[in-house]
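One file, structure-v2.csv, carrying CSV, C-alpha atoms:
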```csv
chain,number,residue,atom,x,y,z
I,1,MET,CA,-82.0,-93.1,24.4
I,2,ALA,CA,-80.5,-91.4,27.5
I,3,GLN,CA,-82.9,-89.4,29.6
I,4,LYS,CA,-82.1,-85.6,29.8
I,5,PRO,CA,-81.2,-84.3,33.2
I,6,PRO,CA,-83.8,-82.0,34.8
I,7,VAL,CA,-83.4,-78.2,34.6
I,8,ALA,CA,-82.0,-77.1,37.9
I,9,VAL,CA,-84.3,-74.6,39.7
I,10,LYS,CA,-83.4,-73.3,43.1
I,11,GLU,CA,-86.2,-71.6,44.9
I,12,VAL,CA,-89.7,-70.2,44.3
I,13,LEU,CA,-89.4,-66.4,44.0
I,14,GLN,CA,-93.0,-65.4,43.0
I,15,VAL,CA,-96.5,-66.7,42.3
I,16,CYS,CA,-98.6,-64.7,39.8
I,17,VAL,CA,-102.3,-64.5,39.3
I,18,VAL,CA,-103.7,-62.9,36.2
I,19,VAL,CA,-106.8,-60.7,37.0
I,20,LYS,CA,-109.3,-58.4,35.3
I,21,ASP,CA,-109.1,-55.6,37.9
I,22,VAL,CA,-105.9,-55.2,40.0
I,23,GLU,CA,-107.5,-52.7,42.4
I,24,GLN,CA,-110.5,-54.8,43.2
I,25,THR,CA,-108.4,-57.9,43.6
I,26,THR,CA,-105.9,-56.3,46.0
I,27,GLU,CA,-108.8,-55.2,48.1
I,28,ASN,CA,-110.2,-58.8,48.1
I,29,TYR,CA,-106.8,-60.3,49.1
I,30,GLN,CA,-106.4,-57.8,51.9
I,31,ARG,CA,-110.0,-58.3,53.2
I,32,VAL,CA,-110.2,-62.1,52.9
I,33,VAL,CA,-106.6,-63.4,53.6
I,34,GLY,CA,-104.8,-60.3,54.9
I,35,ILE,CA,-102.3,-60.1,52.1
I,36,GLY,CA,-100.9,-56.6,51.7
I,37,PRO,CA,-99.7,-53.9,51.6
I,38,TRP,CA,-99.6,-53.8,47.8
I,39,LYS,CA,-97.3,-51.9,45.5
I,40,VAL,CA,-99.3,-51.1,42.4
I,41,PHE,CA,-97.7,-49.7,39.2
I,42,THR,CA,-98.2,-49.7,35.4
I,43,VAL,CA,-95.5,-50.8,32.9
I,44,GLY,CA,-95.3,-50.6,29.2
I,45,PRO,CA,-93.0,-49.4,26.4
I,46,PRO,CA,-90.4,-48.0,26.5
I,47,THR,CA,-89.7,-49.3,30.1
I,48,LEU,CA,-91.0,-52.8,29.1
I,49,SER,CA,-89.8,-54.5,25.9
I,50,GLY,CA,-90.7,-58.0,24.9
I,51,THR,CA,-91.3,-60.8,22.5
I,52,LEU,CA,-94.3,-63.1,22.1
I,53,ARG,CA,-93.5,-66.5,20.6
I,54,GLY,CA,-90.2,-65.1,19.3
I,55,LYS,CA,-91.6,-62.0,17.7
I,56,PRO,CA,-91.2,-58.4,19.0
I,57,GLU,CA,-94.5,-57.3,20.7
I,58,ALA,CA,-95.5,-54.1,22.5
I,59,TYR,CA,-97.8,-54.6,25.5
I,60,SER,CA,-98.6,-53.0,28.9
I,61,MET,CA,-99.9,-54.2,32.2
I,62,LYS,CA,-100.8,-53.1,35.6
I,63,ILE,CA,-98.9,-55.0,38.3
I,64,ALA,CA,-99.5,-55.4,42.1
I,65,LEU,CA,-96.9,-56.9,44.4
I,66,ALA,CA,-97.1,-58.0,48.0
I,67,ARG,CA,-94.9,-60.3,50.1
I,68,VAL,CA,-96.2,-63.6,51.6
I,69,GLY,CA,-93.3,-64.8,53.7
I,70,ASP,CA,-90.3,-65.1,51.4
I,71,ILE,CA,-92.4,-65.2,48.2
I,72,ALA,CA,-93.6,-62.3,46.1
I,73,TRP,CA,-97.3,-62.5,45.3
I,74,GLU,CA,-98.0,-60.8,42.0
I,75,LEU,CA,-101.2,-59.8,40.3
I,76,ILE,CA,-101.2,-58.8,36.6
I,77,GLU,CA,-103.9,-57.0,34.8
I,78,PRO,CA,-103.2,-56.9,31.0
I,79,LEU,CA,-103.8,-53.5,29.5
I,80,GLU,CA,-102.7,-52.8,25.9
I,81,GLY,CA,-101.3,-55.2,23.2
I,82,PRO,CA,-101.1,-59.0,22.9
I,83,SER,CA,-99.5,-61.0,25.7
I,84,ILE,CA,-99.7,-64.4,27.3
I,85,TYR,CA,-101.5,-62.6,30.2
I,86,ARG,CA,-104.3,-61.4,27.9
I,87,GLU,CA,-104.5,-64.8,26.2
I,88,PHE,CA,-104.8,-66.5,29.6
I,89,LEU,CA,-107.6,-64.1,30.8
I,90,GLU,CA,-109.5,-64.5,27.5
I,91,GLN,CA,-109.2,-68.3,27.4
I,92,LYS,CA,-109.4,-69.3,31.1
I,93,GLY,CA,-110.5,-66.3,33.1
I,94,GLU,CA,-108.7,-65.2,36.2
I,95,GLY,CA,-106.3,-67.5,37.9
I,96,LEU,CA,-102.8,-68.9,38.6
I,97,HIS,CA,-100.7,-67.9,35.6
I,98,HIS,CA,-97.1,-68.6,36.4
I,99,ILE,CA,-94.5,-69.3,39.1
I,100,LYS,CA,-91.1,-67.7,39.0
I,101,PHE,CA,-88.1,-69.8,40.0
I,102,ALA,CA,-84.5,-68.8,40.6
I,103,VAL,CA,-81.9,-70.4,38.4
I,104,ASP,CA,-78.1,-70.1,38.5
I,105,ASP,CA,-77.7,-69.4,34.7
I,106,HIS,CA,-80.7,-68.1,32.8
I,107,ASP,CA,-79.3,-68.8,29.3
I,108,LYS,CA,-78.2,-72.3,30.3
I,109,SER,CA,-81.7,-73.0,31.8
I,110,VAL,CA,-83.4,-71.9,28.6
I,111,ALA,CA,-81.2,-74.2,26.6
I,112,GLU,CA,-81.9,-77.1,28.9
I,113,PHE,CA,-85.6,-76.5,28.6
I,114,ALA,CA,-85.2,-76.5,24.8
I,115,GLY,CA,-83.5,-79.9,25.2
I,116,HIS,CA,-86.8,-81.1,26.8
I,117,GLY,CA,-88.8,-79.6,23.9
I,118,ILE,CA,-89.9,-76.6,25.9
I,119,GLY,CA,-89.6,-73.2,24.3
I,120,VAL,CA,-90.0,-69.6,25.4
I,121,LEU,CA,-93.6,-68.3,25.2
I,122,MET,CA,-92.9,-64.7,26.0
I,123,GLY,CA,-89.7,-63.0,27.1
I,124,GLY,CA,-88.4,-59.5,27.6
I,125,ALA,CA,-86.9,-57.0,29.9
I,126,MET,CA,-88.2,-54.4,32.3
I,127,GLU,CA,-85.4,-51.9,33.3
I,128,SER,CA,-82.4,-54.0,34.4
I,129,ARG,CA,-84.2,-57.4,34.7
I,130,GLY,CA,-85.0,-59.8,32.0
I,131,TYR,CA,-87.5,-62.7,32.1
I,132,SER,CA,-88.6,-65.7,30.1
I,133,TYR,CA,-91.9,-67.5,30.4
I,134,MET,CA,-91.3,-71.2,29.5
I,135,ASP,CA,-94.0,-73.2,27.8
I,136,THR,CA,-94.4,-75.7,30.6
I,137,GLU,CA,-98.1,-75.7,31.1
I,138,SER,CA,-98.7,-79.0,29.4
I,139,VAL,CA,-96.1,-80.8,31.5
I,140,LEU,CA,-96.3,-78.9,34.8
I,141,GLY,CA,-99.8,-77.4,34.8
I,142,PHE,CA,-98.5,-73.9,34.9
I,143,ILE,CA,-96.1,-71.5,33.1
I,144,LEU,CA,-92.6,-71.4,34.7
I,145,GLU,CA,-90.8,-68.0,34.7
I,146,THR,CA,-87.1,-67.5,35.0
I,147,THR,CA,-85.5,-64.1,35.5
I,148,TYR,CA,-82.0,-62.6,35.2
I,149,LEU,CA,-80.1,-59.3,35.6
I,150,LYS,CA,-79.2,-57.6,32.3
```

Same coordinates, now as structure tokens:
Amino acid sequence: MAQKPPVAVKEVLQVCVVVKDVEQTTENYQRVVGIGPWKVFTVGPPTLSGTLRGKPEAYSMKIALARVGDIAWELIEPLEGPSIYREFLEQKGEGLHHIKFAVDDHDKSVAEFAGHGIGVLMGGAMESRGYSYMDTESVLGFILETTYLK
């Protein structure tokens, strides 16, 4: 059987850590490793729409973003509703959740992942940007996120 070609990823755009308390964690990052300033905001329906394992799901979260060189550092605190962020926090506690990569063609990349037996854990859109979290944890050790403009 022929081996499937790898999914072409271009560059790391973002690293995300799921946390219990965004405000406390941003203070810790600033104090210990000097990461900041942070932009902190809350998103949820109707600005945020999504699916969890293919089914529509309403959820909200608090997000903090800072730059570390060319990479966005993101902290997510799950608020309301079921999400892979909440599942991660409940099952593993705080920690590295996902890494976002740039791809040339989001739909093609999702199809290529499917060819490797990797599906979409959670997907959705926030304003003009869509995203897909690929179920790559068992093969890569983390969840891989791709993003696209709607």

Rounded to one decimal place, report the atom CA of I:Glu145-atom CA of I:Arg31 distance in Å.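 Computed distance, atom CA of I:Glu145 to atom CA of I:Arg31, equals 28.4 Å.
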
Identify which of the residues I:Lys62, I:His116, I:Leu121, I:Thr42 lies closest to I:Pro5, counting only C-alpha atoms when measuring atom-to-atom distances.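 Nearest candidate to I:Pro5 out of I:Lys62, I:His116, I:Leu121, I:Thr42: I:His116.
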
For atom CA of I:Gly93 and atom CA of I:Leu79, quote the distance in Å rounded to one decimal. 14.9 Å

Quick one: everything within 8 Å of I:Trp73, counting all atoms listed in the file, minus sequence neighbours fewer than 4 positions away in the same chain. Send it as a PyMOL selection string. chain I and resi 14-16+65-68

Provide the atom CA of I:Met134 to atom CA of I:Leu96 distance in Å, to one decimal place. 14.8 Å

Counting all atoms listed in the file, the residue of I:Val110, I:Ile118, I:Val19, I:Ile84 that sits nearest I:Thr147: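 So, comparing all the options, the nearest one is I:Val110.
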
For I:Val120, please output as a ChimeraX atom specification all residues within 12 Å (counting all atoms listed in the file; exclusion window: fewer than 5 positions along the same chain). /I:50-55,84,106-107,109-114,131-137,143-146

Got a sec: who's within 7 Å of I:Gly130, counting all atoms listed in the file, leaving out chain neighbours fewer than 5 positions off, as a list in words?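 The residues that qualify are Gly124, Ala125, Thr147, Tyr148, Leu149 and Lys150 of chain I.
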
Take the residues from that selection and write them out as a CSV table (one decimal), in the coordinates of the input, keeping C-alpha atoms.
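Produced file part-v6.csv, reproduced below:
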```csv
chain,number,residue,atom,x,y,z
I,124,GLY,CA,-88.4,-59.5,27.6
I,125,ALA,CA,-86.9,-57.0,29.9
I,147,THR,CA,-85.5,-64.1,35.5
I,148,TYR,CA,-82.0,-62.6,35.2
I,149,LEU,CA,-80.1,-59.3,35.6
I,150,LYS,CA,-79.2,-57.6,32.3
```

As a list in words, please: the residues near I:Val22 (cut-off 9 Å, all atoms listed in the file, same-chain neighbours under 3 positions excluded).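 Here the answer would be Val18, Val19, Thr25, Thr26, Glu27, Val40, Lys62, Ile63, Ala64, Leu75, Ile76 and Glu77 of chain I.
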